[in-house]
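A.B. asks: Contents of input_2.tsv (TSV, C-alpha atoms) are below:
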```
chain	number	residue	atom	x	y	z
A	1	MET	CA	78.24	2.63	85.90
A	2	ALA	CA	79.11	6.09	87.29
A	3	THR	CA	82.61	7.40	86.73
A	4	SER	CA	84.30	9.47	89.39
A	5	PHE	CA	85.70	12.88	88.57
A	6	ARG	CA	89.26	11.74	89.22
A	7	GLU	CA	88.89	9.01	86.62
A	8	MET	CA	87.91	11.41	83.88
A	9	SER	CA	90.49	12.42	81.30
A	10	TRP	CA	92.39	15.67	81.94
A	11	PRO	CA	90.76	17.60	79.08
A	12	ILE	CA	87.34	16.95	80.59
A	13	GLN	CA	88.61	17.92	84.04
A	14	ALA	CA	90.03	21.15	82.60
A	15	LEU	CA	86.72	21.96	80.93
A	16	ALA	CA	84.91	21.26	84.20
A	17	PHE	CA	87.22	23.60	86.13
A	18	LEU	CA	86.81	26.25	83.43
A	19	GLY	CA	83.04	25.98	83.57
A	20	LEU	CA	83.10	26.19	87.37
A	21	ALA	CA	85.29	29.29	87.20
A	22	ILE	CA	82.90	30.93	84.75
A	23	VAL	CA	79.96	30.15	87.01
A	24	LEU	CA	81.75	31.64	90.03
A	25	VAL	CA	82.70	34.77	88.12
A	26	LEU	CA	79.17	35.27	86.84
A	27	ALA	CA	77.80	34.66	90.30
A	28	GLY	CA	80.19	37.22	91.75
A	29	LEU	CA	79.26	39.76	89.10
A	30	TYR	CA	75.51	39.45	89.21
A	31	LEU	CA	74.55	38.19	92.62
A	32	PRO	CA	73.26	41.27	94.50
A	33	MET	CA	75.14	40.63	97.75
A	34	SER	CA	78.47	39.56	96.27
A	35	PRO	CA	81.53	41.77	96.92
A	36	ILE	CA	82.28	42.09	93.21
A	37	ALA	CA	78.75	43.21	92.43
A	38	THR	CA	78.88	45.74	95.26
A	39	GLU	CA	82.18	47.15	93.99
A	40	ARG	CA	80.83	47.28	90.45
A	41	VAL	CA	77.83	49.26	91.60
A	42	ALA	CA	80.12	51.62	93.51
A	43	VAL	CA	82.32	52.07	90.42
A	44	ASP	CA	79.26	52.75	88.25
A	45	ASP	CA	78.03	55.35	90.75
A	46	ALA	CA	81.46	57.00	90.84
A	47	ASN	CA	81.59	57.10	87.02
A	48	THR	CA	78.12	58.63	86.93
A	49	LYS	CA	79.12	61.32	89.42
A	50	MET	CA	82.36	61.96	87.56
A	51	ASN	CA	80.48	62.43	84.29
A	52	GLY	CA	78.18	64.89	86.01
A	53	LEU	CA	81.08	66.82	87.46
A	54	GLU	CA	82.80	66.78	84.09
A	55	LYS	CA	79.77	68.46	82.53
A	56	GLN	CA	79.85	71.09	85.27
A	57	VAL	CA	83.60	71.70	84.95
A	58	GLN	CA	83.63	71.89	81.15
A	59	PRO	CA	82.23	75.46	80.95
A	60	LEU	CA	84.69	76.59	83.64
A	61	ARG	CA	87.67	75.53	81.54
A	62	VAL	CA	86.93	78.43	79.24
A	63	PHE	CA	87.40	80.80	82.19
A	64	GLN	CA	90.62	79.04	83.14
A	65	GLN	CA	92.00	79.60	79.66
A	66	ARG	CA	90.81	83.18	79.75
A	67	ARG	CA	92.55	83.66	83.11
A	68	VAL	CA	95.86	82.59	81.57
A	69	GLU	CA	95.34	85.02	78.70
A	70	LEU	CA	94.43	87.86	81.07
A	71	GLN	CA	97.50	87.16	83.19
A	72	SER	CA	99.73	87.36	80.11
A	73	GLU	CA	98.04	90.60	79.04
A	74	MET	CA	98.48	92.03	82.54
A	75	GLU	CA	102.21	91.21	82.54
A	76	ALA	CA	102.58	92.89	79.15
A	77	LEU	CA	100.72	95.97	80.40
A	78	GLN	CA	102.93	96.12	83.50
A	79	LYS	CA	106.01	96.16	81.27
A	80	GLN	CA	104.49	98.93	79.18
A	81	LEU	CA	103.64	100.85	82.35
A	82	ALA	CA	107.24	100.55	83.58
A	83	THR	CA	108.47	101.91	80.24
A	84	LEU	CA	105.99	104.79	80.32
A	85	GLN	CA	106.94	105.64	83.89
A	86	ALA	CA	110.56	105.95	82.78
A	87	ILE	CA	109.58	108.22	79.88
A	88	VAL	CA	107.00	110.26	81.82
A	89	PRO	CA	107.61	109.66	85.55
A	90	GLU	CA	105.03	110.27	88.22
A	91	ASP	CA	107.18	112.82	90.07
A	92	LYS	CA	109.21	115.72	88.70
A	93	GLU	CA	112.60	114.14	89.49
A	94	VAL	CA	114.31	117.46	88.79
A	95	ASP	CA	117.77	116.41	89.93
A	96	GLN	CA	117.79	113.29	87.78
A	97	PHE	CA	116.52	115.24	84.79
A	98	LEU	CA	119.14	117.97	85.11
A	99	ASP	CA	121.84	115.33	85.48
A	100	MET	CA	120.75	113.87	82.14
A	101	VAL	CA	120.80	117.31	80.51
A	102	GLN	CA	124.21	118.07	81.97
A	103	GLY	CA	125.52	114.74	80.73
A	104	ALA	CA	124.26	115.46	77.22
A	105	ALA	CA	125.94	118.88	77.26
A	106	SER	CA	129.22	117.50	78.57
A	107	GLY	CA	129.25	114.70	76.01
A	108	SER	CA	128.69	117.08	73.10
A	109	GLY	CA	131.12	119.81	74.21
A	110	VAL	CA	128.50	122.46	74.93
A	111	PHE	CA	128.80	124.86	77.88
A	112	ILE	CA	125.58	125.47	79.81
A	113	ARG	CA	125.84	128.89	81.40
A	114	LYS	CA	122.48	129.19	83.13
A	115	ILE	CA	119.33	127.20	83.82
A	116	GLU	CA	116.18	129.00	84.87
A	117	THR	CA	113.00	127.23	85.92
A	118	GLU	CA	109.77	128.27	84.29
A	119	PRO	CA	106.27	127.87	85.82
A	120	ILE	CA	104.86	124.37	85.66
A	121	VAL	CA	101.95	124.07	83.22
A	122	PRO	CA	99.30	121.54	84.36
A	123	GLN	CA	97.49	119.65	81.61
A	124	GLN	CA	94.59	117.21	81.77
A	125	TYR	CA	96.68	114.07	82.22
A	126	HIS	CA	100.18	115.44	82.83
A	127	SER	CA	102.16	118.54	83.74
A	128	GLU	CA	104.77	120.33	81.68
A	129	MET	CA	108.01	121.37	83.39
A	130	PRO	CA	110.00	123.86	81.26
A	131	PHE	CA	113.54	125.14	81.79
A	132	LYS	CA	115.14	128.11	80.07
A	133	ILE	CA	118.76	127.39	79.23
A	134	SER	CA	121.63	129.63	78.14
A	135	ALA	CA	124.49	127.82	76.41
A	136	ASP	CA	127.29	128.25	73.91
A	137	GLY	CA	129.69	126.12	71.93
A	138	PRO	CA	130.64	125.11	68.39
A	139	TYR	CA	127.65	125.02	66.04
A	140	TYR	CA	127.83	121.29	65.32
A	141	SER	CA	128.34	120.57	69.02
A	142	VAL	CA	125.09	122.38	69.75
A	143	LEU	CA	123.36	120.27	67.10
A	144	ASP	CA	124.82	117.16	68.70
A	145	PHE	CA	123.56	118.37	72.08
A	146	PHE	CA	120.01	118.61	70.73
A	147	THR	CA	120.37	115.14	69.24
A	148	ARG	CA	121.51	113.72	72.57
A	149	LEU	CA	118.54	115.34	74.31
A	150	GLY	CA	116.24	113.50	71.92
A	151	ARG	CA	117.83	110.19	72.87
A	152	LEU	CA	117.35	110.55	76.61
A	153	SER	CA	114.97	108.21	78.43
A	154	ARG	CA	112.55	111.03	79.27
A	155	ILE	CA	110.48	112.91	76.72
A	156	ILE	CA	112.02	116.32	76.06
A	157	ASN	CA	110.79	119.09	73.78
A	158	VAL	CA	113.16	121.84	72.68
A	159	GLY	CA	111.67	125.17	71.64
A	160	ASP	CA	112.11	128.94	71.55
A	161	ILE	CA	115.61	128.51	70.14
A	162	LYS	CA	117.48	131.80	69.76
A	163	LEU	CA	121.07	131.38	68.63
A	164	THR	CA	123.52	134.18	67.97
A	165	GLU	CA	126.74	133.90	65.99
A	166	VAL	CA	129.92	134.40	67.98
A	167	LYS	CA	132.53	135.99	65.77
A	168	PRO	CA	136.25	135.54	66.37
A	169	GLY	CA	137.43	137.84	69.14
A	170	GLU	CA	134.00	138.29	70.68
A	171	SER	CA	134.39	135.33	73.04
A	172	SER	CA	137.03	137.18	75.07
A	173	ASN	CA	134.72	140.15	75.58
A	174	ALA	CA	131.70	138.04	76.57
A	175	GLN	CA	130.31	137.86	80.10
A	176	PHE	CA	131.63	134.30	80.32
A	177	ARG	CA	134.92	133.14	78.99
A	178	MET	CA	134.12	130.90	76.05
A	179	ALA	CA	136.14	127.94	74.91
A	180	PRO	CA	138.16	128.12	71.71
A	181	GLY	CA	136.06	127.16	68.69
A	182	THR	CA	132.81	128.57	70.08
A	183	THR	CA	130.72	129.84	67.17
A	184	VAL	CA	127.19	130.18	68.55
A	185	SER	CA	125.59	131.34	71.78
A	186	GLY	CA	121.97	131.54	72.66
A	187	GLU	CA	118.95	130.56	74.68
A	188	PHE	CA	116.30	127.88	74.29
A	189	THR	CA	113.64	126.17	76.36
A	190	ILE	CA	113.58	122.46	77.12
A	191	THR	CA	110.37	120.95	78.46
A	192	THR	CA	109.87	117.60	80.14
A	193	PHE	CA	106.77	116.02	81.65
A	194	PHE	CA	105.46	114.23	84.74
A	195	THR	CA	102.07	112.87	85.75
A	196	SER	CA	101.54	113.48	89.48
A	197	PRO	CA	99.02	116.32	90.11
A	198	ALA	CA	100.27	116.67	93.72
A	199	ALA	CA	103.87	117.20	92.59
A	200	ALA	CA	102.79	120.05	90.33
A	201	ALA	CA	101.83	122.10	93.39
A	202	ILE	CA	105.38	121.92	94.77
A	203	PRO	CA	107.57	124.73	93.35
A	204	VAL	CA	110.75	123.71	91.57
A	205	PRO	CA	113.81	125.49	93.02
A	206	SER	CA	115.71	127.71	90.61
A	207	THR	CA	119.20	126.63	89.67
A	208	GLN	CA	122.21	128.88	89.95
A	209	PRO	CA	124.04	130.07	86.83
A	210	THR	CA	126.98	127.89	85.90
A	211	ALA	CA	130.35	129.26	84.92
A	212	GLY	CA	131.61	126.19	83.15
A	213	ARG	CA	130.57	123.00	81.46
A	214	MET	CA	127.85	121.09	83.25
A	215	ARG	CA	128.97	117.63	84.24
A	216	ARG	CA	127.23	114.46	85.48
```
Could the structure of this file be written out as C-alpha cells, please?
C.D. replies:
Amino acid sequence: MATSFREMSWPIQALAFLGLAIVLVLAGLYLPMSPIATERVAVDDANTKMNGLEKQVQPLRVFQQRRVELQSEMEALQKQLATLQAIVPEDKEVDQFLDMVQGAASGSGVFIRKIETEPIVPQQYHSEMPFKISADGPYYSVLDFFTRLGRLSRIINVGDIKLTEVKPGESSNAQFRMAPGTTVSGEFTITTFFTSPAAAAIPVPSTQPTAGRMRR
C-alpha cells in the first residue's frame, strides 16, 4: 500500500527536501541554459581576462616603482640645485654681494675705504667677479672679517693680501681718519662667482670710495 509524502516521518521528509535542493542546485550549476551556469561562465571568463591583464601589468609595476624612485631623486636634485644657486647664483647680483661684504665688515669692526671692480674672468662653466678692496682696522678685527667672509652664503676667495702696519700717530696723518685701535691697513682682492654667460658681458659699475664703515 502506497504511503503519501505527508504521512512520512519528518526525518524522511527533511532528507527528501535536502535531496531535492541538491538536485536543483546541481541543475542550476550544470544545465547550459540556467542563469547560474551563465553567470558562472561569465565569472570564469572575467577571471581568465583578469589573469591575462595581471600578467601584462606585472612588468609595468617595475616601472611604477622606478618612477617613484626617480621622483624622489629629482626632488633631492632640485634641493641641491637651489643650494648651489645660492652659493653660485646665475646672475652677478652685485648689490646683494656687496651688502654681504659690507655687513661682514661692519660686524667685525673693519672700515672699508674703497671698492674697485676688476674685469670679469669667464671660465668654462662659470665667471669670476673680483673686487679690489682697501680697508683698515685692528689686526684681529681684520682676521675676523676674513672669517666672516668665509661664512657667507656665496663662495668667496680672498687673495693678493697686502697689509701694512699702522703705528701709533700715523692714523691721524693718513688720507682717511682711522678709528682708535687701528693697527693694520692694506689692500686685498675678493672674488665671487656666477654662472650666466650673458651676465658676464654686462659691465659691473665701479663703486665709489667710502669714507667710513660700510653698513648693511
A.B. asks: Contacts between segment 97-121 of chain A and segment 148-188 of chain A, please, where a residue of segment 148-188 of chain A counts if it comes within 9 Å (with all atoms listed in the file); show its shortest atom pair and distance in Å to one decimal, rows by chain and ascending number, as a tab-separated table.
C.D. replies:
```
residue	atom	partner	partner_atom	distance
A:Arg148	CA	A:Ala104	CA	5.7
A:Leu149	CA	A:Ala104	CA	6.4
A:Leu152	CA	A:Met100	CA	7.3
A:Ser153	CA	A:Met100	CA	8.9
A:Arg154	CA	A:Phe97	CA	8.0
A:Phe176	CA	A:Arg113	CA	8.0
A:Met178	CA	A:Phe111	CA	8.3
A:Ala179	CA	A:Phe111	CA	8.5
A:Thr182	CA	A:Val110	CA	8.9
```
A.B. asks: Give me, please, the distance in Å between atom CA of His126 of chain A and atom CA of Asp160 of chain A, quoted to one decimal.
C.D. replies: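 Answer for the atom CA of His126 of chain A to atom CA of Asp160 of chain A separation: 21.3 Å.
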A.B. asks: Just checking: using all atoms listed in the file, which residue out of A:Phe63, A:Phe193, A:Phe188, A:Tyr139 ends up closest to Ser127 of chain A?
C.D. replies: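 Result for the nearest residue to Ser127 of chain A: A:Phe193.
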A.B. asks: Between atom CA of Val57 of chain A and atom CA of Gln71 of chain A, what is the distance, to one decimal in Å?
C.D. replies: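 Going from atom CA of Val57 of chain A over to atom CA of Gln71 of chain A covers 20.9 Å.
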A.B. asks: Choose the residue, out of A:Val94, A:Ile22, A:Val184, A:Ile190, that has the smallest atom-to-atom separation from Ile133 of chain A; count only C-alpha atoms.
C.D. replies: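 Nearest candidate to Ile133 of chain A out of A:Val94, A:Ile22, A:Val184, A:Ile190: A:Ile190.
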A.B. asks: Would you mind reading off the distance between atom CA of Lys132 of chain A and atom CA of Ile156 of chain A, one decimal, in Å?
C.D. replies: 12.8 Å
